[in-house]
Amino acid sequence: FDDNLTYIHKGLNLSNIVKNDNFEYYIDETVSILNYTGDSKIVEIPDIIDNKKVTVIENAAFFGNKTIEEIKISNNIIYIKDRAFKETNLVSVNIPSSVKEIGVYAFSVCEELESVTFNEGLEKINISAFAACHKLTKIILPSTLTTIEQYGFQNCLNMKIIYIPKSVVNIGDGAFYACGKSTIYLEESSVPSTWSTNFKPGNVKLSFNASKDDL
């Protein structure tokens with residue numbers, strides 16, 4: 001494999017790496033998707049490969065793929081790792097309830113991305129996970145989410161509606177930097193003291209005691 005040196009560096013056993021018509025993947029107790037090798041616009045991550053659950057989309061698995069427009073993420077995926085879909089042409093994404101964490105830059109610079117559905121179950125959005133997704137206009141975050149790291153949604157220039165539930169304990173610096181056209185709707189009655197004071201630019205509006213059902 002061309003990526004053997006990378007996989008060795010990650011501590012992966014090369015004998016556990018398998019390639020089929022669409023995916024390169026790693027088999028252990030569960031299966032991790034390492035790389036997409038197909039050419040379809042619509043890609044479905046399978047629930048099961050070789051009789052084992054597919055639980056991880058690995059670092060940079062789809063990075064820079066300009067063919068893919070839609071991804072169907074299976075309900076067994078727990079972790080979408082760093083740069084997994086960075087700089088792809090995805091138009092919409094549904095994050096299933098099984099996903100607990102979205103990695104650094106996972107969906108950043110997806111310039112065609114218009115909508116993201118976050119289902120209940122997600123707990124953490126890492127640094128710049130959705131940065132520079134210029135066509136995103138609305139995000140409704142789930143009540144299981146506790147952490148949005150620095151610059152999580154920075155530079156989403158056309159964002160208009162952001163809903164943050166009271167479950168969110170930590171928001172890092174610049175999480176909504178350059179989302180200047182937006183209103184942030186908080187389920188809380190005030191900004192929690194555990195959030196960075198620089199989580200948003202000064203011109204972003206805040207609305208308290210909000211309900212996602214009204215948005």
# chains A, B, ... in the order shown; residues from 1 in each chain; ligands from 1
>>> residues_around(residues="Lys100 of chain A", least_positions_apart="2", cutoff="6 Å", atoms="only C-alpha atoms", output="list in words")
Ile78, Leu122 and Glu123 of chain A
>>> select_by_dssp(residues="segment 22-172 of chain A", states="strand (DSSP E or B)", output="MDAnalysis selection string")
chainID A and resid 23:27 31:36 42:44 48:49 52:57 70:72 79:80 92:95 101:102 115:118 124:125 138:140 147:148 161:164 170:171
>>> write_last_selection(atoms="C-alpha atoms", output="PDB file, in the first residue's frame")
ATOM      1  CA  PHE A  23     -12.582   1.062   1.018  1.00  0.00           C
ATOM      2  CA  GLU A  24      -9.252   0.454   2.602  1.00  0.00           C
ATOM      3  CA  TYR A  25      -9.892  -0.553   6.209  1.00  0.00           C
ATOM      4  CA  TYR A  26      -8.275  -1.862   9.373  1.00  0.00           C
ATOM      5  CA  ILE A  27      -9.624  -4.926  11.177  1.00  0.00           C
ATOM      6  CA  VAL A  31     -13.325  -2.045  11.734  1.00  0.00           C
ATOM      7  CA  SER A  32     -11.903   1.411  10.989  1.00  0.00           C
ATOM      8  CA  ILE A  33     -12.255   3.022   7.558  1.00  0.00           C
ATOM      9  CA  LEU A  34      -8.794   4.219   6.486  1.00  0.00           C
ATOM     10  CA  ASN A  35      -9.407   5.418   2.958  1.00  0.00           C
ATOM     11  CA  TYR A  36     -12.134   5.644   0.341  1.00  0.00           C
ATOM     12  CA  ILE A  42     -23.079   9.048  -2.910  1.00  0.00           C
ATOM     13  CA  VAL A  43     -21.127   6.909  -0.439  1.00  0.00           C
ATOM     14  CA  GLU A  44     -22.552   4.648   2.251  1.00  0.00           C
ATOM     15  CA  ILE A  48     -20.623  -4.371   9.109  1.00  0.00           C
ATOM     16  CA  ILE A  49     -17.492  -5.457   7.230  1.00  0.00           C
ATOM     17  CA  LYS A  52     -17.383  -6.850  12.483  1.00  0.00           C
ATOM     18  CA  LYS A  53     -18.906  -3.481  13.308  1.00  0.00           C
ATOM     19  CA  VAL A  54     -17.511  -0.440  11.508  1.00  0.00           C
ATOM     20  CA  THR A  55     -16.981   2.064  14.341  1.00  0.00           C
ATOM     21  CA  VAL A  56     -14.410   4.633  13.178  1.00  0.00           C
ATOM     22  CA  ILE A  57     -13.845   6.850  10.151  1.00  0.00           C
ATOM     23  CA  GLU A  70     -23.379  12.756   0.013  1.00  0.00           C
ATOM     24  CA  ILE A  71     -22.196  10.474   2.796  1.00  0.00           C
ATOM     25  CA  LYS A  72     -24.448   7.988   4.589  1.00  0.00           C
ATOM     26  CA  TYR A  79     -15.774   8.529  16.132  1.00  0.00           C
ATOM     27  CA  ILE A  80     -15.213  10.653  13.025  1.00  0.00           C
ATOM     28  CA  SER A  92     -25.347  17.655   3.448  1.00  0.00           C
ATOM     29  CA  VAL A  93     -24.392  15.471   6.398  1.00  0.00           C
ATOM     30  CA  ASN A  94     -26.470  13.538   8.916  1.00  0.00           C
ATOM     31  CA  ILE A  95     -24.463  12.740  12.058  1.00  0.00           C
ATOM     32  CA  GLU A 101     -16.953  12.801  18.888  1.00  0.00           C
ATOM     33  CA  ILE A 102     -16.071  14.727  15.726  1.00  0.00           C
ATOM     34  CA  SER A 115     -26.761  21.468   6.113  1.00  0.00           C
ATOM     35  CA  VAL A 116     -25.642  19.322   9.020  1.00  0.00           C
ATOM     36  CA  THR A 117     -28.071  17.315  11.148  1.00  0.00           C
ATOM     37  CA  PHE A 118     -26.744  16.606  14.642  1.00  0.00           C
ATOM     38  CA  LYS A 124     -17.767  16.695  21.577  1.00  0.00           C
ATOM     39  CA  ILE A 125     -16.944  18.864  18.552  1.00  0.00           C
ATOM     40  CA  LYS A 138     -28.225  26.901  10.490  1.00  0.00           C
ATOM     41  CA  ILE A 139     -27.063  24.477  13.170  1.00  0.00           C
ATOM     42  CA  ILE A 140     -29.189  22.924  15.903  1.00  0.00           C
ATOM     43  CA  THR A 147     -17.934  20.618  24.442  1.00  0.00           C
ATOM     44  CA  ILE A 148     -17.232  22.796  21.406  1.00  0.00           C
ATOM     45  CA  ILE A 161     -29.075  30.494  13.285  1.00  0.00           C
ATOM     46  CA  ILE A 162     -27.079  28.692  15.987  1.00  0.00           C
ATOM     47  CA  TYR A 163     -28.858  26.824  18.774  1.00  0.00           C
ATOM     48  CA  ILE A 164     -26.842  25.803  21.835  1.00  0.00           C
ATOM     49  CA  ASN A 170     -17.336  24.268  27.485  1.00  0.00           C
ATOM     50  CA  ILE A 171     -16.942  26.478  24.429  1.00  0.00           C
TER      51      ILE A 171
END
>>> atom_distance(atom1="atom CA of Lys181 of chain A", atom2="atom CA of Asn155 of chain A")
10.8 Å
>>> atom_distance(atom1="atom CA of Ser207 of chain A", atom2="atom CA of Val168 of chain A")
15.7 Å
>>> residues_around(residues="Ala175 of chain A", least_positions_apart="5", cutoff="9 Å", atoms="only C-alpha atoms", output="CSV table (one decimal) with N, CA and C atoms, in the first residue's frame")
chain,number,residue,atom,x,y,z
A,127,ILE,N,-11.5,21.0,17.6
A,127,ILE,CA,-11.0,22.2,17.0
A,127,ILE,C,-11.3,22.3,15.5
A,128,SER,N,-11.9,23.4,15.1
A,128,SER,CA,-12.1,23.8,13.7
A,128,SER,C,-12.8,22.7,12.9
A,131,ALA,N,-15.0,24.5,10.5
A,131,ALA,CA,-14.5,25.8,10.1
A,131,ALA,C,-14.6,26.0,8.6
A,148,ILE,N,-17.6,22.3,22.7
A,148,ILE,CA,-17.2,22.8,21.4
A,148,ILE,C,-15.9,23.4,21.6
A,149,GLU,N,-14.9,22.8,20.9
A,149,GLU,CA,-13.5,23.3,21.1
A,149,GLU,C,-13.3,24.6,20.3
A,150,GLN,N,-12.1,25.2,20.4
A,150,GLN,CA,-11.7,26.4,19.7
A,150,GLN,C,-12.0,26.4,18.2
A,151,TYR,N,-12.6,27.5,17.7
A,151,TYR,CA,-12.8,27.7,16.3
A,151,TYR,C,-13.6,26.6,15.6
A,152,GLY,N,-14.5,25.9,16.4
A,152,GLY,CA,-15.3,24.8,15.9
A,152,GLY,C,-16.1,25.2,14.7
A,153,PHE,N,-16.7,26.4,14.6
A,153,PHE,CA,-17.5,26.8,13.5
A,153,PHE,C,-17.0,28.1,13.0
A,154,GLN,N,-15.8,28.5,13.2
A,154,GLN,CA,-15.3,29.8,12.7
A,154,GLN,C,-15.4,29.9,11.2
A,196,SER,N,-15.6,30.3,27.1
A,196,SER,CA,-14.6,31.3,26.8
A,196,SER,C,-15.3,32.7,26.6
A,198,ASN,N,-14.4,34.8,24.7
A,198,ASN,CA,-14.2,35.1,23.3
A,198,ASN,C,-14.8,34.1,22.3
A,199,PHE,N,-15.8,33.4,22.8
A,199,PHE,CA,-16.4,32.3,21.9
A,199,PHE,C,-17.1,32.9,20.7
A,200,LYS,N,-17.4,34.2,20.7
A,200,LYS,CA,-18.1,34.8,19.5
A,200,LYS,C,-17.6,36.2,19.3
>>> atom_distance(atom1="atom CA of Val191 of chain A", atom2="atom CA of Lys166 of chain A")
9.7 Å
>>> residues_around(residues="segment 105-108 of chain A", least_positions_apart="5", cutoff="6 Å", atoms="only C-alpha atoms", output="PDB file with N, CA, C and O atoms, in the first residue's frame")
ATOM      1  N   ASP A  82      -9.871  13.157  12.777  1.00  0.00           N
ATOM      2  CA  ASP A  82      -9.348  14.411  12.253  1.00  0.00           C
ATOM      3  C   ASP A  82      -9.284  14.420  10.724  1.00  0.00           C
ATOM      4  O   ASP A  82      -8.817  13.461  10.105  1.00  0.00           O
ATOM      5  N   ARG A  83      -9.755  15.521  10.151  1.00  0.00           N
ATOM      6  CA  ARG A  83      -9.683  15.779   8.704  1.00  0.00           C
ATOM      7  C   ARG A  83     -10.381  14.696   7.874  1.00  0.00           C
ATOM      8  O   ARG A  83     -10.094  14.547   6.677  1.00  0.00           O
ATOM      9  N   ALA A  84     -11.281  13.946   8.480  1.00  0.00           N
ATOM     10  CA  ALA A  84     -11.910  12.815   7.786  1.00  0.00           C
ATOM     11  C   ALA A  84     -12.574  13.228   6.477  1.00  0.00           C
ATOM     12  O   ALA A  84     -12.475  12.523   5.468  1.00  0.00           O
ATOM     13  N   PHE A  85     -13.254  14.372   6.473  1.00  0.00           N
ATOM     14  CA  PHE A  85     -13.951  14.844   5.279  1.00  0.00           C
ATOM     15  C   PHE A  85     -13.502  16.248   4.878  1.00  0.00           C
ATOM     16  O   PHE A  85     -14.209  16.935   4.127  1.00  0.00           O
ATOM     17  N   LYS A  86     -12.366  16.674   5.339  1.00  0.00           N
ATOM     18  CA  LYS A  86     -11.887  18.029   5.048  1.00  0.00           C
ATOM     19  C   LYS A  86     -11.756  18.248   3.538  1.00  0.00           C
ATOM     20  O   LYS A  86     -11.291  17.373   2.800  1.00  0.00           O
ATOM     21  N   SER A 128     -11.920  23.429  15.131  1.00  0.00           N
ATOM     22  CA  SER A 128     -12.135  23.760  13.709  1.00  0.00           C
ATOM     23  C   SER A 128     -12.850  22.651  12.938  1.00  0.00           C
ATOM     24  O   SER A 128     -12.682  22.528  11.716  1.00  0.00           O
ATOM     25  N   ALA A 129     -13.668  21.870  13.610  1.00  0.00           N
ATOM     26  CA  ALA A 129     -14.322  20.728  12.963  1.00  0.00           C
ATOM     27  C   ALA A 129     -15.163  21.141  11.763  1.00  0.00           C
ATOM     28  O   ALA A 129     -15.225  20.422  10.761  1.00  0.00           O
ATOM     29  N   PHE A 130     -15.824  22.295  11.861  1.00  0.00           N
ATOM     30  CA  PHE A 130     -16.671  22.781  10.772  1.00  0.00           C
ATOM     31  C   PHE A 130     -16.247  24.178  10.313  1.00  0.00           C
ATOM     32  O   PHE A 130     -17.064  24.929   9.782  1.00  0.00           O
ATOM     33  N   ALA A 131     -14.993  24.503  10.459  1.00  0.00           N
ATOM     34  CA  ALA A 131     -14.505  25.830  10.079  1.00  0.00           C
ATOM     35  C   ALA A 131     -14.585  26.033   8.570  1.00  0.00           C
ATOM     36  O   ALA A 131     -14.368  25.108   7.789  1.00  0.00           O
ATOM     37  N   ALA A 132     -14.931  27.252   8.182  1.00  0.00           N
ATOM     38  CA  ALA A 132     -14.933  27.664   6.775  1.00  0.00           C
ATOM     39  C   ALA A 132     -15.892  26.848   5.912  1.00  0.00           C
ATOM     40  O   ALA A 132     -15.605  26.548   4.752  1.00  0.00           O
TER      41      ALA A 132
END
>>> decode(residues="segment 96-128 of chain A", atoms="N, CA, C and O atoms", output="mmCIF file, in the first residue's frame")
data_model
loop_
_atom_site.group_PDB
_atom_site.id
_atom_site.type_symbol
_atom_site.label_atom_id
_atom_site.label_comp_id
_atom_site.auth_asym_id
_atom_site.auth_seq_id
_atom_site.Cartn_x
_atom_site.Cartn_y
_atom_site.Cartn_z
ATOM 1 N N PRO A 96 -25.200 10.515 12.807
ATOM 2 C CA PRO A 96 -26.098 9.619 13.546
ATOM 3 C C PRO A 96 -25.870 9.680 15.052
ATOM 4 O O PRO A 96 -24.836 10.164 15.532
ATOM 5 N N SER A 97 -26.825 9.159 15.794
ATOM 6 C CA SER A 97 -26.786 9.238 17.257
ATOM 7 C C SER A 97 -25.650 8.427 17.865
ATOM 8 O O SER A 97 -25.272 8.651 19.013
ATOM 9 N N SER A 98 -25.092 7.508 17.103
ATOM 10 C CA SER A 98 -23.979 6.691 17.606
ATOM 11 C C SER A 98 -22.680 7.474 17.735
ATOM 12 O O SER A 98 -21.808 7.112 18.531
ATOM 13 N N VAL A 99 -22.536 8.550 16.964
ATOM 14 C CA VAL A 99 -21.279 9.318 16.946
ATOM 15 C C VAL A 99 -21.141 10.128 18.228
ATOM 16 O O VAL A 99 -22.012 10.934 18.566
ATOM 17 N N LYS A 100 -20.031 9.909 18.949
ATOM 18 C CA LYS A 100 -19.776 10.614 20.199
ATOM 19 C C LYS A 100 -18.859 11.826 20.014
ATOM 20 O O LYS A 100 -18.949 12.796 20.764
ATOM 21 N N GLU A 101 -17.964 11.746 19.025
ATOM 22 C CA GLU A 101 -16.953 12.801 18.888
ATOM 23 C C GLU A 101 -16.619 13.030 17.420
ATOM 24 O O GLU A 101 -16.493 12.088 16.639
ATOM 25 N N ILE A 102 -16.478 14.319 17.073
ATOM 26 C CA ILE A 102 -16.071 14.727 15.726
ATOM 27 C C ILE A 102 -14.702 15.379 15.837
ATOM 28 O O ILE A 102 -14.501 16.307 16.617
ATOM 29 N N GLY A 103 -13.748 14.899 15.044
ATOM 30 C CA GLY A 103 -12.355 15.264 15.203
ATOM 31 C C GLY A 103 -11.974 16.635 14.663
ATOM 32 O O GLY A 103 -12.769 17.347 14.040
ATOM 33 N N VAL A 104 -10.717 16.982 14.889
ATOM 34 C CA VAL A 104 -10.138 18.259 14.461
ATOM 35 C C VAL A 104 -10.225 18.378 12.934
ATOM 36 O O VAL A 104 -9.844 17.445 12.209
ATOM 37 N N TYR A 105 -10.753 19.501 12.460
ATOM 38 C CA TYR A 105 -10.861 19.785 11.020
ATOM 39 C C TYR A 105 -11.670 18.730 10.253
ATOM 40 O O TYR A 105 -11.539 18.617 9.029
ATOM 41 N N ALA A 106 -12.499 17.960 10.925
ATOM 42 C CA ALA A 106 -13.154 16.811 10.292
ATOM 43 C C ALA A 106 -13.963 17.191 9.054
ATOM 44 O O ALA A 106 -13.958 16.472 8.051
ATOM 45 N N PHE A 107 -14.673 18.320 9.119
ATOM 46 C CA PHE A 107 -15.483 18.783 7.995
ATOM 47 C C PHE A 107 -15.091 20.200 7.567
ATOM 48 O O PHE A 107 -15.872 20.880 6.905
ATOM 49 N N SER A 108 -13.932 20.633 7.908
ATOM 50 C CA SER A 108 -13.535 22.009 7.606
ATOM 51 C C SER A 108 -13.332 22.208 6.106
ATOM 52 O O SER A 108 -12.997 21.282 5.366
ATOM 53 N N VAL A 109 -13.577 23.427 5.684
ATOM 54 C CA VAL A 109 -13.416 23.845 4.285
ATOM 55 C C VAL A 109 -14.231 22.945 3.340
ATOM 56 O O VAL A 109 -13.810 22.636 2.235
ATOM 57 N N CYS A 110 -15.389 22.515 3.794
ATOM 58 C CA CYS A 110 -16.356 21.866 2.904
ATOM 59 C C CYS A 110 -17.240 22.988 2.354
ATOM 60 O O CYS A 110 -18.284 23.315 2.926
ATOM 61 N N GLU A 111 -16.808 23.568 1.274
ATOM 62 C CA GLU A 111 -17.389 24.825 0.810
ATOM 63 C C GLU A 111 -18.768 24.669 0.182
ATOM 64 O O GLU A 111 -19.447 25.662 -0.065
ATOM 65 N N GLU A 112 -19.189 23.431 -0.091
ATOM 66 C CA GLU A 112 -20.529 23.191 -0.632
ATOM 67 C C GLU A 112 -21.505 22.714 0.434
ATOM 68 O O GLU A 112 -22.691 22.514 0.144
ATOM 69 N N LEU A 113 -21.037 22.563 1.655
ATOM 70 C CA LEU A 113 -21.866 21.989 2.725
ATOM 71 C C LEU A 113 -22.944 22.978 3.154
ATOM 72 O O LEU A 113 -22.649 24.048 3.682
ATOM 73 N N GLU A 114 -24.208 22.585 2.931
ATOM 74 C CA GLU A 114 -25.338 23.464 3.211
ATOM 75 C C GLU A 114 -26.074 23.114 4.502
ATOM 76 O O GLU A 114 -26.703 23.989 5.106
ATOM 77 N N SER A 115 -26.018 21.845 4.906
ATOM 78 C CA SER A 115 -26.761 21.468 6.113
ATOM 79 C C SER A 115 -26.076 20.314 6.836
ATOM 80 O O SER A 115 -25.515 19.420 6.203
ATOM 81 N N VAL A 116 -26.140 20.390 8.166
ATOM 82 C CA VAL A 116 -25.642 19.322 9.020
ATOM 83 C C VAL A 116 -26.726 19.011 10.044
ATOM 84 O O VAL A 116 -27.207 19.919 10.735
ATOM 85 N N THR A 117 -27.110 17.750 10.137
ATOM 86 C CA THR A 117 -28.071 17.315 11.148
ATOM 87 C C THR A 117 -27.305 16.619 12.260
ATOM 88 O O THR A 117 -26.618 15.618 12.029
ATOM 89 N N PHE A 118 -27.391 17.186 13.465
ATOM 90 C CA PHE A 118 -26.744 16.606 14.642
ATOM 91 C C PHE A 118 -27.799 15.860 15.457
ATOM 92 O O PHE A 118 -28.702 16.488 16.014
ATOM 93 N N ASN A 119 -27.678 14.552 15.527
ATOM 94 C CA ASN A 119 -28.632 13.776 16.317
ATOM 95 C C ASN A 119 -28.166 13.646 17.768
ATOM 96 O O ASN A 119 -26.992 13.837 18.079
ATOM 97 N N GLU A 120 -29.115 13.356 18.650
ATOM 98 C CA GLU A 120 -28.804 13.171 20.059
ATOM 99 C C GLU A 120 -27.791 12.039 20.226
ATOM 100 O O GLU A 120 -27.939 10.977 19.620
ATOM 101 N N GLY A 121 -26.763 12.283 21.007
ATOM 102 C CA GLY A 121 -25.698 11.298 21.216
ATOM 103 C C GLY A 121 -24.319 11.932 21.121
ATOM 104 O O GLY A 121 -23.395 11.524 21.822
ATOM 105 N N LEU A 122 -24.186 12.936 20.260
ATOM 106 C CA LEU A 122 -22.903 13.615 20.086
ATOM 107 C C LEU A 122 -22.503 14.346 21.361
ATOM 108 O O LEU A 122 -23.321 15.037 21.974
ATOM 109 N N GLU A 123 -21.217 14.196 21.755
ATOM 110 C CA GLU A 123 -20.740 14.801 22.998
ATOM 111 C C GLU A 123 -19.679 15.882 22.783
ATOM 112 O O GLU A 123 -19.596 16.816 23.571
ATOM 113 N N LYS A 124 -18.876 15.760 21.727
ATOM 114 C CA LYS A 124 -17.767 16.695 21.577
ATOM 115 C C LYS A 124 -17.521 17.044 20.115
ATOM 116 O O LYS A 124 -17.466 16.157 19.256
ATOM 117 N N ILE A 125 -17.353 18.345 19.852
ATOM 118 C CA ILE A 125 -16.944 18.864 18.552
ATOM 119 C C ILE A 125 -15.561 19.471 18.728
ATOM 120 O O ILE A 125 -15.389 20.420 19.502
ATOM 121 N N ASN A 126 -14.578 18.932 18.027
ATOM 122 C CA ASN A 126 -13.194 19.344 18.240
ATOM 123 C C ASN A 126 -12.805 20.593 17.442
ATOM 124 O O ASN A 126 -13.611 21.172 16.711
ATOM 125 N N ILE A 127 -11.549 20.992 17.596
ATOM 126 C CA ILE A 127 -11.028 22.239 17.040
ATOM 127 C C ILE A 127 -11.291 22.325 15.540
ATOM 128 O O ILE A 127 -10.955 21.414 14.778
ATOM 129 N N SER A 128 -11.920 23.429 15.131
ATOM 130 C CA SER A 128 -12.135 23.760 13.709
ATOM 131 C C SER A 128 -12.850 22.651 12.938
ATOM 132 O O SER A 128 -12.682 22.528 11.716
#
